[in-house]
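Chemist: Contents are mmCIF, C-alpha atoms and all ligand atoms; file name protein_33.cif:
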data_entry
#
loop_
_atom_site.label_atom_id
_atom_site.label_comp_id
_atom_site.auth_asym_id
_atom_site.auth_seq_id
_atom_site.Cartn_x
_atom_site.Cartn_y
_atom_site.Cartn_z
CA MET A 47 -0.12 -8.52 -22.78
CA LYS A 48 3.30 -6.88 -22.86
CA LEU A 49 1.71 -3.64 -21.71
CA ILE A 50 -0.06 -5.40 -18.89
CA LYS A 51 3.17 -7.04 -17.81
CA ASN A 52 5.00 -3.71 -17.81
CA ALA A 53 2.26 -2.15 -15.74
CA LEU A 54 2.46 -4.99 -13.28
CA ALA A 55 6.22 -4.76 -12.96
CA PHE A 56 5.84 -1.06 -12.27
CA ALA A 57 3.28 -1.62 -9.57
CA PHE A 58 5.16 -4.51 -8.00
CA SER A 59 8.09 -2.25 -7.17
CA VAL A 60 5.79 -0.58 -4.64
CA LEU A 61 6.07 -3.61 -2.41
CA LEU A 62 9.84 -3.54 -2.11
CA PHE A 63 10.78 -4.39 1.44
CA LEU A 64 13.80 -2.72 2.95
CA GLN A 65 15.81 -2.60 6.13
CA VAL A 66 14.50 -5.76 7.74
CA SER A 67 15.44 -5.97 11.40
CA ALA A 68 14.73 -8.23 14.36
CA GLN A 69 13.68 -6.58 17.59
CA ASP A 70 13.22 -7.62 21.20
CA ILE A 71 9.74 -8.19 22.52
CA LYS A 72 9.26 -6.86 26.04
CA VAL A 73 8.12 -9.39 28.65
CA VAL A 74 5.15 -7.25 29.66
CA TYR A 75 3.63 -7.58 26.16
CA LYS A 76 4.38 -11.30 25.94
CA THR A 77 2.58 -11.81 29.28
CA GLU A 78 -0.35 -9.64 28.24
CA VAL A 79 -0.82 -11.53 24.96
CA GLU A 80 -0.56 -14.97 26.63
CA LYS A 81 -3.20 -13.97 29.16
CA LEU A 82 -5.52 -12.64 26.48
CA ALA A 83 -5.10 -15.73 24.27
CA LYS A 84 -6.04 -18.03 27.16
CA ASN A 85 -9.26 -16.15 27.89
CA LYS A 86 -12.27 -18.46 27.39
CA GLU A 87 -14.04 -16.10 24.97
CA VAL A 88 -10.89 -15.72 22.88
CA GLN A 89 -10.39 -19.50 22.78
CA ASP A 90 -13.99 -19.86 21.55
CA ALA A 91 -13.35 -17.20 18.92
CA PHE A 92 -10.19 -19.03 17.80
CA ALA A 93 -12.22 -22.23 17.35
CA TYR A 94 -14.93 -20.34 15.47
CA ILE A 95 -12.35 -18.97 13.02
CA LEU A 96 -11.52 -22.59 12.15
CA ASP A 97 -15.23 -23.51 11.87
CA ILE A 98 -15.85 -20.82 9.25
CA ASP A 99 -12.58 -21.40 7.39
CA GLY A 100 -14.39 -22.78 4.32
CA GLN A 101 -16.72 -19.77 4.14
CA THR A 102 -13.77 -17.37 4.44
CA ILE A 103 -12.11 -19.06 1.45
CA SER A 104 -15.36 -18.90 -0.49
CA ASP A 105 -15.68 -15.15 0.29
CA MET A 106 -12.11 -14.66 -0.93
CA ILE A 107 -12.98 -16.36 -4.24
CA THR A 108 -16.16 -14.28 -4.69
CA LEU A 109 -14.25 -11.04 -4.09
CA THR A 110 -11.29 -12.05 -6.29
CA GLU A 111 -13.58 -12.68 -9.25
CA ILE A 112 -14.85 -9.08 -9.26
CA PRO A 113 -12.29 -6.97 -11.17
CA ALA A 114 -11.25 -3.86 -9.24
CA PRO A 115 -8.31 -1.89 -10.62
CA SER A 116 -7.52 1.32 -8.72
CA PHE A 117 -10.26 3.93 -9.44
CA GLU A 118 -12.71 1.16 -10.45
CA GLU A 119 -13.43 -0.45 -7.09
CA ALA A 120 -17.13 0.44 -6.81
CA ALA A 121 -18.63 -2.91 -7.89
CA LYS A 122 -16.45 -4.87 -5.50
CA GLY A 123 -17.09 -2.30 -2.77
CA LEU A 124 -20.85 -2.98 -2.93
CA VAL A 125 -20.40 -6.75 -2.58
CA PHE A 126 -17.91 -6.27 0.25
CA ALA A 127 -20.30 -3.88 2.04
CA GLU A 128 -23.08 -6.48 1.80
CA MET A 129 -20.79 -9.16 3.27
CA LEU A 130 -20.03 -6.87 6.21
CA ARG A 131 -23.76 -6.20 6.79
CA LYS A 132 -24.50 -9.92 6.78
CA ALA A 133 -21.55 -10.50 9.13
CA GLY A 134 -23.35 -8.31 11.67
CA ALA A 135 -21.63 -4.91 11.61
CA ASP A 136 -23.62 -2.22 13.49
CA SER A 137 -23.63 0.01 10.42
CA VAL A 138 -21.95 0.03 7.01
CA TRP A 139 -21.42 3.01 4.72
CA ILE A 140 -19.36 4.08 1.72
CA ASP A 141 -17.53 7.41 2.05
CA GLU A 142 -16.95 10.10 -0.61
CA ALA A 143 -13.70 8.47 -1.75
CA GLY A 144 -15.31 5.03 -2.16
CA ASN A 145 -13.94 3.42 1.01
CA VAL A 146 -16.33 0.87 2.54
CA ILE A 147 -16.55 1.34 6.32
CA ALA A 148 -18.23 -0.99 8.81
CA LEU A 149 -18.61 0.12 12.40
CA ARG A 150 -18.62 -2.20 15.36
CA LYS A 151 -19.43 -0.07 18.33
CA GLY A 152 -17.36 -0.30 21.50
CA LYS A 153 -18.57 -0.31 25.10
CA LYS A 154 -16.89 3.01 25.82
CA SER A 155 -16.24 4.37 22.33
CA THR A 156 -13.48 6.66 23.55
CA LYS A 157 -11.15 5.60 20.75
CA THR A 158 -11.43 4.41 17.17
CA ILE A 159 -9.28 1.57 15.88
CA VAL A 160 -9.23 0.95 12.10
CA ILE A 161 -8.67 -2.49 10.54
CA ASP A 162 -8.02 -2.08 6.83
CA ALA A 163 -7.73 -4.15 3.65
CA HIS A 164 -7.55 -2.57 0.21
CA LEU A 165 -10.20 -3.19 -2.46
CA ASP A 166 -8.08 -2.39 -5.51
CA THR A 167 -5.69 -4.59 -7.45
CA VAL A 168 -2.96 -3.77 -9.99
CA PHE A 169 -4.76 -5.62 -12.81
CA PRO A 170 -6.53 -3.82 -15.68
CA ILE A 171 -10.31 -4.34 -15.82
CA GLU A 172 -10.15 -6.83 -18.74
CA THR A 173 -7.81 -9.24 -16.89
CA ASP A 174 -9.22 -12.73 -16.42
CA VAL A 175 -9.68 -12.99 -12.65
CA THR A 176 -11.35 -16.41 -12.56
CA VAL A 177 -9.99 -18.46 -9.67
CA LYS A 178 -8.41 -21.77 -10.75
CA GLN A 179 -7.51 -24.61 -8.45
CA LYS A 180 -4.50 -26.93 -8.85
CA GLY A 181 -4.28 -29.36 -5.97
CA ASP A 182 -4.93 -27.28 -2.87
CA THR A 183 -3.49 -24.09 -4.36
CA LEU A 184 -5.79 -21.36 -5.67
CA TYR A 185 -4.60 -19.22 -8.58
CA ALA A 186 -5.93 -15.83 -9.69
CA PRO A 187 -4.58 -12.30 -10.08
CA GLY A 188 -5.20 -10.48 -6.79
CA ILE A 189 -6.22 -13.56 -4.82
CA ALA A 190 -3.87 -12.82 -1.94
CA ASP A 191 -3.19 -9.10 -2.48
CA ALA A 192 -5.60 -8.12 -1.11
CA ASN A 193 -8.71 -10.30 -1.58
CA ARG A 194 -7.51 -12.65 1.13
CA SER A 195 -7.24 -9.61 3.42
CA LEU A 196 -10.79 -8.50 2.55
CA ALA A 197 -12.19 -11.95 3.31
CA MET A 198 -10.30 -11.85 6.62
CA VAL A 199 -11.96 -8.55 7.53
CA VAL A 200 -15.40 -10.13 6.93
CA ALA A 201 -14.44 -13.19 9.02
CA LEU A 202 -13.22 -10.96 11.87
CA VAL A 203 -16.53 -9.05 12.04
CA LYS A 204 -18.44 -12.34 11.93
CA THR A 205 -16.32 -13.84 14.71
CA LEU A 206 -16.75 -10.85 17.04
CA GLU A 207 -20.49 -10.86 16.36
CA GLN A 208 -21.11 -14.60 16.74
CA LYS A 209 -18.92 -14.89 19.84
CA LYS A 210 -20.51 -11.72 21.27
CA ILE A 211 -17.17 -10.04 21.95
CA ARG A 212 -17.50 -6.29 22.52
CA THR A 213 -14.32 -4.26 22.71
CA ASP A 214 -14.07 -1.07 24.76
CA HIS A 215 -13.25 1.06 21.74
CA ASP A 216 -15.03 1.49 18.42
CA LEU A 217 -13.72 -0.68 15.61
CA TRP A 218 -13.87 0.44 11.99
CA PHE A 219 -13.46 -2.33 9.44
CA VAL A 220 -12.45 -0.72 6.16
CA GLY A 221 -12.19 -1.83 2.52
CA SER A 222 -10.13 1.00 1.06
CA VAL A 223 -9.68 2.34 -2.45
CA GLY A 224 -6.56 3.44 -4.33
CA GLU A 225 -3.80 1.64 -2.45
CA GLU A 226 -1.95 0.39 -5.52
CA GLY A 227 0.28 2.27 -7.97
CA LEU A 228 -1.28 5.45 -9.28
CA GLY A 229 -4.10 5.08 -6.73
CA ASP A 230 -1.50 6.89 -4.62
CA LEU A 231 -3.16 5.96 -1.28
CA LYS A 232 -6.27 7.88 -2.29
CA GLY A 233 -8.54 6.09 0.19
CA MET A 234 -6.19 6.67 3.11
CA LYS A 235 -5.62 10.32 2.27
CA HIS A 236 -9.38 10.73 2.52
CA LEU A 237 -9.78 8.66 5.69
CA PHE A 238 -7.07 10.67 7.47
CA ARG A 239 -8.13 14.03 5.99
CA GLU A 240 -8.19 17.14 8.12
CA GLY A 241 -11.48 17.38 9.95
CA GLY A 242 -12.20 13.66 9.43
CA ASN A 243 -13.14 11.24 12.22
CA LYS A 244 -10.33 10.95 14.76
CA ILE A 245 -8.46 7.65 14.38
CA ASP A 246 -6.33 6.43 17.29
CA ALA A 247 -4.70 3.35 15.78
CA PHE A 248 -4.54 1.75 12.36
CA ILE A 249 -3.96 -1.88 11.39
CA ALA A 250 -3.59 -2.77 7.69
CA ILE A 251 -3.72 -6.42 6.66
CA ASP A 252 -1.48 -6.34 3.59
CA GLY A 253 1.58 -8.49 4.09
CA GLY A 254 2.68 -12.10 3.70
CA ASP A 255 3.63 -14.27 6.63
CA ILE A 256 2.65 -13.39 10.19
CA GLU A 257 6.23 -12.81 11.35
CA GLY A 258 6.70 -9.97 8.85
CA ILE A 259 5.55 -6.76 10.54
CA VAL A 260 5.73 -3.40 8.79
CA ASN A 261 6.41 -0.50 11.17
CA GLY A 262 7.69 2.00 8.61
CA GLY A 263 6.47 3.58 5.41
CA ILE A 264 8.78 4.27 2.49
CA GLY A 265 7.65 7.54 0.96
CA SER A 266 7.82 8.24 -2.72
CA LEU A 267 7.49 11.10 -5.16
CA ARG A 268 6.79 10.39 -8.81
CA TYR A 269 6.78 12.74 -11.75
CA ARG A 270 5.92 12.85 -15.39
CA VAL A 271 8.05 15.63 -16.88
CA THR A 272 7.35 16.78 -20.47
CA PHE A 273 9.57 19.21 -22.40
CA LYS A 274 7.67 20.83 -25.27
CA GLY A 275 8.57 22.67 -28.46
CA SER A 276 7.15 23.34 -31.92
CA GLY A 277 8.82 20.32 -33.57
CA GLY A 278 9.91 20.39 -37.20
CA HIS A 279 12.07 19.00 -40.00
CA SER A 280 15.48 17.84 -38.80
CA TYR A 281 17.21 19.78 -41.61
CA GLY A 282 14.70 22.41 -42.61
CA ALA A 283 13.80 23.55 -39.08
CA PHE A 284 17.28 23.16 -37.64
CA GLY A 285 17.94 25.68 -34.88
CA ILE A 286 14.59 25.34 -33.07
CA GLY A 287 14.69 23.96 -29.53
CA ASN A 288 14.92 20.18 -29.23
CA PRO A 289 12.97 18.77 -26.24
CA HIS A 290 15.14 15.61 -26.17
CA ASN A 291 18.22 17.77 -25.58
CA ALA A 292 16.54 19.49 -22.61
CA LEU A 293 15.54 16.14 -21.17
CA ALA A 294 19.03 14.70 -21.66
CA ASN A 295 20.54 17.85 -20.03
CA THR A 296 18.21 17.32 -17.08
CA ILE A 297 19.20 13.71 -16.53
CA ALA A 298 22.89 14.51 -17.03
CA GLY A 299 22.63 17.32 -14.47
CA PHE A 300 20.51 15.43 -11.93
CA VAL A 301 22.30 12.08 -11.75
CA PRO A 302 25.71 13.24 -10.37
CA LYS A 303 23.97 15.40 -7.73
CA ALA A 304 21.54 12.61 -6.81
CA ASP A 305 24.40 10.14 -6.68
CA SER A 306 26.34 12.08 -4.05
CA PHE A 307 23.11 12.83 -2.14
CA SER A 308 22.17 9.15 -1.98
CA LYS A 309 25.60 8.04 -0.78
CA GLU A 310 25.02 9.12 2.80
CA GLY A 311 22.23 9.29 5.36
CA ILE A 312 18.92 7.43 5.37
CA ARG A 313 18.50 5.35 2.21
CA THR A 314 17.12 7.50 -0.58
CA THR A 315 16.69 6.22 -4.13
CA TYR A 316 15.95 7.66 -7.56
CA SER A 317 15.13 6.17 -10.94
CA VAL A 318 14.51 7.68 -14.35
CA SER A 319 12.14 4.89 -15.26
CA VAL A 320 10.41 5.51 -18.61
CA LEU A 321 11.33 7.77 -21.54
CA GLY A 322 9.23 8.75 -24.52
CA GLY A 323 8.68 11.22 -27.36
CA GLY A 324 9.71 11.78 -30.96
CA THR A 325 8.08 10.71 -34.20
CA SER A 326 10.73 9.84 -36.81
CA VAL A 327 14.45 9.99 -37.40
CA ASN A 328 14.22 13.08 -39.65
CA SER A 329 12.06 15.12 -37.24
CA ILE A 330 12.92 17.33 -34.31
CA PRO A 331 10.42 16.09 -31.69
CA TYR A 332 7.66 18.33 -30.34
CA GLU A 333 7.89 16.66 -26.96
CA SER A 334 10.15 14.54 -24.79
CA TRP A 335 8.93 13.02 -21.56
CA MET A 336 10.11 10.86 -18.67
CA LEU A 337 8.64 9.13 -15.63
CA VAL A 338 10.78 9.43 -12.52
CA ASP A 339 10.47 7.73 -9.12
CA MET A 340 12.22 8.85 -5.92
CA ARG A 341 11.89 7.16 -2.52
CA SER A 342 13.00 7.47 1.06
CA GLU A 343 11.99 6.42 4.55
CA SER A 344 12.66 10.01 5.61
CA GLN A 345 10.37 12.82 4.52
CA GLU A 346 13.23 15.30 4.86
CA ARG A 347 15.54 13.27 2.62
CA LEU A 348 12.76 12.82 0.08
CA GLN A 349 12.27 16.58 -0.03
CA GLY A 350 16.06 16.97 -0.37
CA ILE A 351 16.35 14.83 -3.49
CA ASN A 352 13.13 16.35 -4.83
CA LYS A 353 14.73 19.80 -4.68
CA LEU A 354 17.77 18.57 -6.65
CA PHE A 355 15.47 17.07 -9.26
CA LEU A 356 13.33 20.19 -9.73
CA GLU A 357 16.45 22.38 -9.99
CA SER A 358 17.92 20.04 -12.62
CA ILE A 359 14.77 20.36 -14.75
CA GLU A 360 15.06 24.16 -14.72
CA GLU A 361 18.78 24.02 -15.55
CA GLY A 362 18.26 21.41 -18.27
CA LEU A 363 15.62 23.58 -19.92
CA GLN A 364 17.71 26.75 -19.76
CA LYS A 365 20.77 25.02 -21.16
CA GLU A 366 18.87 24.00 -24.32
CA ASN A 367 17.09 27.35 -24.63
CA LEU A 368 20.49 29.09 -24.63
CA ILE A 369 21.38 27.41 -27.94
CA VAL A 370 17.99 27.90 -29.61
CA LYS A 371 18.60 29.93 -32.79
CA ARG A 372 15.05 30.35 -34.02
CA GLY A 373 11.43 29.99 -32.92
CA GLU A 374 9.99 30.05 -29.42
CA PRO A 375 11.96 28.77 -26.41
CA LEU A 376 11.04 25.31 -25.08
CA THR A 377 8.67 24.93 -22.13
CA VAL A 378 8.30 22.22 -19.51
CA GLU A 379 5.30 20.66 -17.82
CA ILE A 380 5.92 18.96 -14.47
CA GLU A 381 3.15 16.63 -13.35
CA ASN A 382 3.29 15.03 -9.89
CA VAL A 383 1.85 11.54 -10.48
CA GLY A 384 2.65 10.07 -7.06
CA ASP A 385 3.08 11.36 -3.55
CA ARG A 386 3.26 8.83 -0.77
CA PRO A 387 4.37 10.17 2.59
CA SER A 388 6.90 8.32 4.75
CA GLY A 389 7.26 7.70 8.46
CA LEU A 390 8.31 5.21 11.09
CA LEU A 391 6.74 3.90 14.29
CA ASP A 392 9.25 3.02 16.98
CA ALA A 393 9.76 -0.68 17.66
CA ASP A 394 9.07 0.02 21.34
CA HIS A 395 5.61 1.43 20.65
CA PRO A 396 2.85 -0.71 22.26
CA LEU A 397 1.19 -1.37 18.87
CA ILE A 398 4.40 -2.78 17.39
CA GLN A 399 5.26 -4.63 20.58
CA GLN A 400 1.78 -6.20 20.66
CA SER A 401 2.02 -7.14 16.96
CA MET A 402 5.34 -8.86 17.57
CA ALA A 403 4.18 -10.54 20.80
CA VAL A 404 1.08 -11.95 19.06
CA ALA A 405 3.10 -13.22 16.07
CA ASN A 406 5.63 -14.82 18.40
CA TYR A 407 2.90 -16.41 20.53
CA LEU A 408 1.17 -18.00 17.53
CA THR A 409 4.20 -19.12 15.52
CA GLY A 410 7.00 -19.45 18.07
CA LYS A 411 9.18 -17.51 15.63
CA GLN A 412 11.03 -14.22 15.99
CA PRO A 413 9.12 -11.50 14.11
CA ARG A 414 10.89 -9.24 11.60
CA LEU A 415 10.30 -5.51 11.35
CA SER A 416 10.55 -3.75 8.02
CA SER A 417 9.52 -0.68 6.06
CA SER A 418 7.37 -0.88 2.97
CA SER A 419 4.86 1.12 0.98
CA THR A 420 1.36 0.34 2.26
CA ASN A 421 -1.73 2.18 3.44
CA SER A 422 0.00 2.64 6.81
CA ASN A 423 2.29 5.24 5.17
CA VAL A 424 -0.40 7.86 5.71
CA PRO A 425 -0.89 7.37 9.48
CA PHE A 426 2.89 6.87 9.90
CA SER A 427 3.47 10.28 8.33
CA LEU A 428 0.89 11.88 10.64
CA GLY A 429 2.35 10.33 13.78
CA ILE A 430 -0.72 8.11 14.29
CA PRO A 431 0.15 4.59 15.53
CA ALA A 432 -0.05 2.15 12.62
CA VAL A 433 1.14 -1.26 11.57
CA THR A 434 0.81 -3.50 8.53
CA ILE A 435 0.46 -7.18 9.32
CA GLY A 436 0.47 -10.36 7.23
CA ARG A 437 -2.38 -12.50 5.99
CA GLY A 438 -0.88 -15.82 6.99
CA GLY A 439 -1.28 -18.88 4.79
CA GLN A 440 1.15 -19.11 1.89
CA ALA A 441 1.13 -16.93 -1.19
CA GLY A 442 3.32 -15.98 -4.12
CA GLY A 443 3.43 -14.28 -7.49
CA GLY A 444 2.12 -11.03 -6.04
CA HIS A 445 1.20 -8.46 -8.73
CA SER A 446 1.59 -11.11 -11.44
CA LEU A 447 -0.96 -13.08 -13.42
CA ASP A 448 0.29 -16.24 -11.69
CA GLU A 449 -0.56 -15.05 -8.18
CA TRP A 450 -1.50 -17.92 -5.84
CA PHE A 451 -2.73 -18.59 -2.32
CA LEU A 452 -2.48 -21.81 -0.32
CA ASN A 453 -4.59 -22.02 2.82
CA LYS A 454 -1.88 -23.64 4.91
CA ASP A 455 -2.51 -22.62 8.52
CA GLY A 456 -4.44 -19.65 7.15
CA HIS A 457 -6.43 -19.50 10.40
CA LEU A 458 -3.27 -18.32 12.19
CA GLY A 459 -3.39 -15.10 10.17
CA LEU A 460 -6.93 -14.49 11.38
CA GLN A 461 -6.11 -15.38 14.97
CA HIS A 462 -3.17 -13.00 14.78
CA ALA A 463 -5.36 -10.15 13.55
CA LEU A 464 -8.04 -10.92 16.16
CA LEU A 465 -5.61 -10.95 19.08
CA LEU A 466 -4.08 -7.68 17.94
CA ILE A 467 -7.51 -6.06 17.56
CA LEU A 468 -8.50 -7.21 21.05
CA SER A 469 -5.19 -5.97 22.51
CA GLN A 470 -5.80 -2.57 20.96
CA GLY A 471 -9.57 -2.48 21.31
CA GLY A 472 -9.63 -3.54 24.97
CA MET A 473 -11.80 -6.39 26.28
ZN ZN B 501 -1.64 -4.94 -1.17
#
Let's see the structure in the file written out as structure tokens.
Ligand SMILES: [Zn+2]
Modeler:
Amino acid sequence: MKLIKNALAFAFSVLLFLQVSAQDIKVVYKTEVEKLAKNKEVQDAFAYILDIDGQTISDMITLTEIPAPSFEEAAKGLVFAEMLRKAGADSVWIDEAGNVIALRKGKKSTKTIVIDAHLDTVFPIETDVTVKQKGDTLYAPGIADANRSLAMVVALVKTLEQKKIRTDHDLWFVGSVGEEGLGDLKGMKHLFREGGNKIDAFIAIDGGDIEGIVNGGIGSLRYRVTFKGSGGHSYGAFGIGNPHNALANTIAGFVPKADSFSKEGIRTTYSVSVLGGGTSVNSIPYESWMLVDMRSESQERLQGINKLFLESIEEGLQKENLIVKRGEPLTVEIENVGDRPSGLLDADHPLIQQSMAVANYLTGKQPRLSSSSTNSNVPFSLGIPAVTIGRGGQAGGGHSLDEWFLNKDGHLGLQHALLLILSQGGM
């Protein structure tokens, strides 16, 4: 249990929201959204979303109860694919990475708009994912993040199909793999690979309330660094290289440099997060390792702190090897265990303006822009318009065993997604 909790705490840090800001919505987008929302077909679709509300909740429960840690999403992917087929998608397939993709063809098909929810959760396969109800609140690990989003994707396809709404552009409804933790945005890296299908805009449903709109991706680099030596008796083998010393040298060298680097410019963070190695008090260890996490909204800044870190490892190793009196010098193994690119889409971009205008229209509240680590990081980094929007309803305990979802005005989340898709997809 302790291990599970530690893993969850690690993964939860991914969702850290930073630099929240309010932004003006241009009148032209407000007018456009109002006009679209008053369209007869859209009004019918809004009503239909409410009609199928019970089924959407039931789909969410079905999906939640299929365990799907990152790299083990296949079983849930099959069920999700079947739901999309039944909802009336034109075709459904699973790509080489394991992403489930449902196509709804457009009238013109000149552009492709992706609507994404991730299949994976942060919970190990043996976690009890049975949904429990207390009052109106539903409890289960992963129920909101992102099984609610997946059920929304199914409901959106169903609504477009039943209300016979055809957009101008092609819509791809995606259930993606590897969004969480060490999944390292695997599904997105495949979807946006070189030579892949051209994607013109990307909408991820992976946030909380509707007013929270993510227009930036915080990039991260993560390493597991292991210093290695022969190991030996603390007295008898004295004089051989000690991997702990090299690791301590590295941290001692890196931190002052990283500290001055992080004091100015775009927020850039670093954390030596986990340490390990050694066998007993009277032994020189044969290895010493650490897990390190560095983040920034700017790719350039991330590369800057990365350079300082890699230099410090080399210096830390050399410093210990200089005092080695016997045996082989120490070596180091540097393993990159996470690489999430960063990027930002301007608040004035039509996709962000439309997202804010729709949220404002439905809730009457001022939307908030923020940066986070979501699937949108990949398109952000490639300069492809992207946004991460909320699920609506109420939820809490994300990435914990006590995660919950309350379907309070949950339909607004779906109406928000639908309006945004229609704004982007063209009607
Ligand atoms: Zn998520």
Chemist: Could you tell me how far CA of Glu118 in chain A lies from CA of Asp191 in chain A, in Å and to one decimal?
Modeler: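 These atoms are spaced 16.1 Å apart.
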Chemist: Using only C-alpha atoms and all ligand atoms, which residues of the polymer chains come no farther than 8 Å from ligand ZN 501 (chain B)? I'd like the answer as a list of chain:residue names.
Modeler: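 Based on only C-alpha atoms and all ligand atoms, ligand ZN 501 (chain B) is surrounded within 8 Å by A:Leu61, A:Ala163, A:His164, A:Thr167, A:Asp191, A:Ala192, A:Glu225, A:Glu226, A:Asp252, A:Gly253, A:Thr420.
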Chemist: Between A:Ala91, A:Ala292, A:Ile330, A:Ala463, which has the minimum distance to Lys204 in chain A (counting all atoms listed in the file)?
Modeler: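 Answer, going by the shortest atom-to-atom distance: A:Ala91.
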Chemist: If you count only C-alpha atoms, which residues fall within 10 Å of Thr409 in chain A, apart from same-chain ones fewer than 5 positions away, as JSON, numbers by chain?
Modeler: {"A": [256, 257, 404, 458, 462]}
Chemist: Point out the residue among A:Gly438, A:Gly134, A:Gly227, A:Pro113 with the least atom-to-atom distance to Thr173 in chain A, counting all atoms listed in the file.
Modeler: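 Distance minimum relative to Thr173 in chain A lands on A:Pro113.
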Chemist: Write out as an mmCIF file with C-alpha atoms, in the coordinates of the input which residues come within 12 Å of range 120-123 of chain A when counting all atoms listed in the file, dropping same-chain ones fewer than 4 positions away.
Modeler:
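Produced file around37.cif, reproduced below:
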data_model
loop_
_atom_site.group_PDB
_atom_site.id
_atom_site.type_symbol
_atom_site.label_atom_id
_atom_site.label_comp_id
_atom_site.auth_asym_id
_atom_site.auth_seq_id
_atom_site.Cartn_x
_atom_site.Cartn_y
_atom_site.Cartn_z
ATOM 1 C CA ASP A 105 -15.680 -15.150 0.290
ATOM 2 C CA MET A 106 -12.110 -14.660 -0.930
ATOM 3 C CA THR A 108 -16.160 -14.280 -4.690
ATOM 4 C CA LEU A 109 -14.250 -11.040 -4.090
ATOM 5 C CA THR A 110 -11.290 -12.050 -6.290
ATOM 6 C CA GLU A 111 -13.580 -12.680 -9.250
ATOM 7 C CA ILE A 112 -14.850 -9.080 -9.260
ATOM 8 C CA PRO A 113 -12.290 -6.970 -11.170
ATOM 9 C CA ALA A 114 -11.250 -3.860 -9.240
ATOM 10 C CA PRO A 115 -8.310 -1.890 -10.620
ATOM 11 C CA SER A 116 -7.520 1.320 -8.720
ATOM 12 C CA ALA A 127 -20.300 -3.880 2.040
ATOM 13 C CA GLU A 128 -23.080 -6.480 1.800
ATOM 14 C CA MET A 129 -20.790 -9.160 3.270
ATOM 15 C CA LEU A 130 -20.030 -6.870 6.210
ATOM 16 C CA VAL A 138 -21.950 0.030 7.010
ATOM 17 C CA TRP A 139 -21.420 3.010 4.720
ATOM 18 C CA ILE A 140 -19.360 4.080 1.720
ATOM 19 C CA ASP A 141 -17.530 7.410 2.050
ATOM 20 C CA GLU A 142 -16.950 10.100 -0.610
ATOM 21 C CA ALA A 143 -13.700 8.470 -1.750
ATOM 22 C CA GLY A 144 -15.310 5.030 -2.160
ATOM 23 C CA ASN A 145 -13.940 3.420 1.010
ATOM 24 C CA VAL A 146 -16.330 0.870 2.540
ATOM 25 C CA ILE A 147 -16.550 1.340 6.320
ATOM 26 C CA ALA A 148 -18.230 -0.990 8.810
ATOM 27 C CA ALA A 163 -7.730 -4.150 3.650
ATOM 28 C CA HIS A 164 -7.550 -2.570 0.210
ATOM 29 C CA LEU A 165 -10.200 -3.190 -2.460
ATOM 30 C CA ASP A 166 -8.080 -2.390 -5.510
ATOM 31 C CA THR A 167 -5.690 -4.590 -7.450
ATOM 32 C CA ILE A 171 -10.310 -4.340 -15.820
ATOM 33 C CA ASN A 193 -8.710 -10.300 -1.580
ATOM 34 C CA LEU A 196 -10.790 -8.500 2.550
ATOM 35 C CA VAL A 220 -12.450 -0.720 6.160
ATOM 36 C CA GLY A 221 -12.190 -1.830 2.520
ATOM 37 C CA SER A 222 -10.130 1.000 1.060
ATOM 38 C CA VAL A 223 -9.680 2.340 -2.450
ATOM 39 C CA GLY A 224 -6.560 3.440 -4.330
#
Chemist: Calculated over only C-alpha atoms, which of the candidates A:Ser334, A:Thr156, A:Ser195, A:Gln89 has the smallest distance to Gly436 in chain A?
Modeler: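 Among the listed residues, A:Ser195 lies closest to Gly436 in chain A.
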Chemist: Rank A:Leu368, A:Met473, A:Leu293, A:Leu447 by their smallest atom-to-atom distance to Val168 in chain A, using all atoms listed in the file, and report the top residue only.
Modeler: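 Smallest separation from Val168 in chain A among the options: A:Leu447.
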Chemist: For a quick check of understanding, using only C-alpha atoms, which of A:Gly152, A:Gly241, A:Gly188, A:Pro289 has the smallest distance to Lys365 in chain A?
Modeler: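 Between A:Gly152, A:Gly241, A:Gly188, A:Pro289, the residue approaching Lys365 in chain A most closely is A:Pro289.
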Chemist: Find the distance between CA of Leu354 in chain A and CA of Ser276 in chain A and write it in Å to one decimal.
Modeler: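 Result for CA of Leu354 in chain A versus CA of Ser276 in chain A: 27.8 Å, one decimal.
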Chemist: For Gln400 in chain A, please output as a PDB file with C-alpha atoms, in the frame of the given file all residues within 8 Å (counting all atoms listed in the file; exclusion window: fewer than 4 positions along the same chain).
Modeler:
ATOM      1  CA  TYR A  75       3.630  -7.580  26.160  1.00  0.00           C
ATOM      2  CA  LYS A  76       4.380 -11.300  25.940  1.00  0.00           C
ATOM      3  CA  VAL A  79      -0.820 -11.530  24.960  1.00  0.00           C
ATOM      4  CA  PRO A 396       2.850  -0.710  22.260  1.00  0.00           C
ATOM      5  CA  VAL A 404       1.080 -11.950  19.060  1.00  0.00           C
ATOM      6  CA  LEU A 466      -4.080  -7.680  17.940  1.00  0.00           C
ATOM      7  CA  SER A 469      -5.190  -5.970  22.510  1.00  0.00           C
TER       8      SER A 469
END
Chemist: Can you measure CA of Val370 in chain A to CA of Phe273 in chain A for me? One decimal in Å is fine.
Modeler: 14.1 Å
Chemist: Just want the 12 Å neighbourhood of Gly429 in chain A, counted on only C-alpha atoms, with same-chain residues fewer than 3 positions away dropped. Output as a list of chain:residue names.
Modeler: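 Returned residues: A:Phe238, A:Ile245, A:Asp246, A:Ala247, A:Phe248, A:Asn261, A:Gly262, A:Gly263, A:Pro387, A:Ser388, A:Gly389, A:Leu390, A:Leu391, A:Asp392, A:His395, A:Ser422, A:Asn423, A:Val424, A:Pro425, A:Phe426, A:Ala432, A:Val433.
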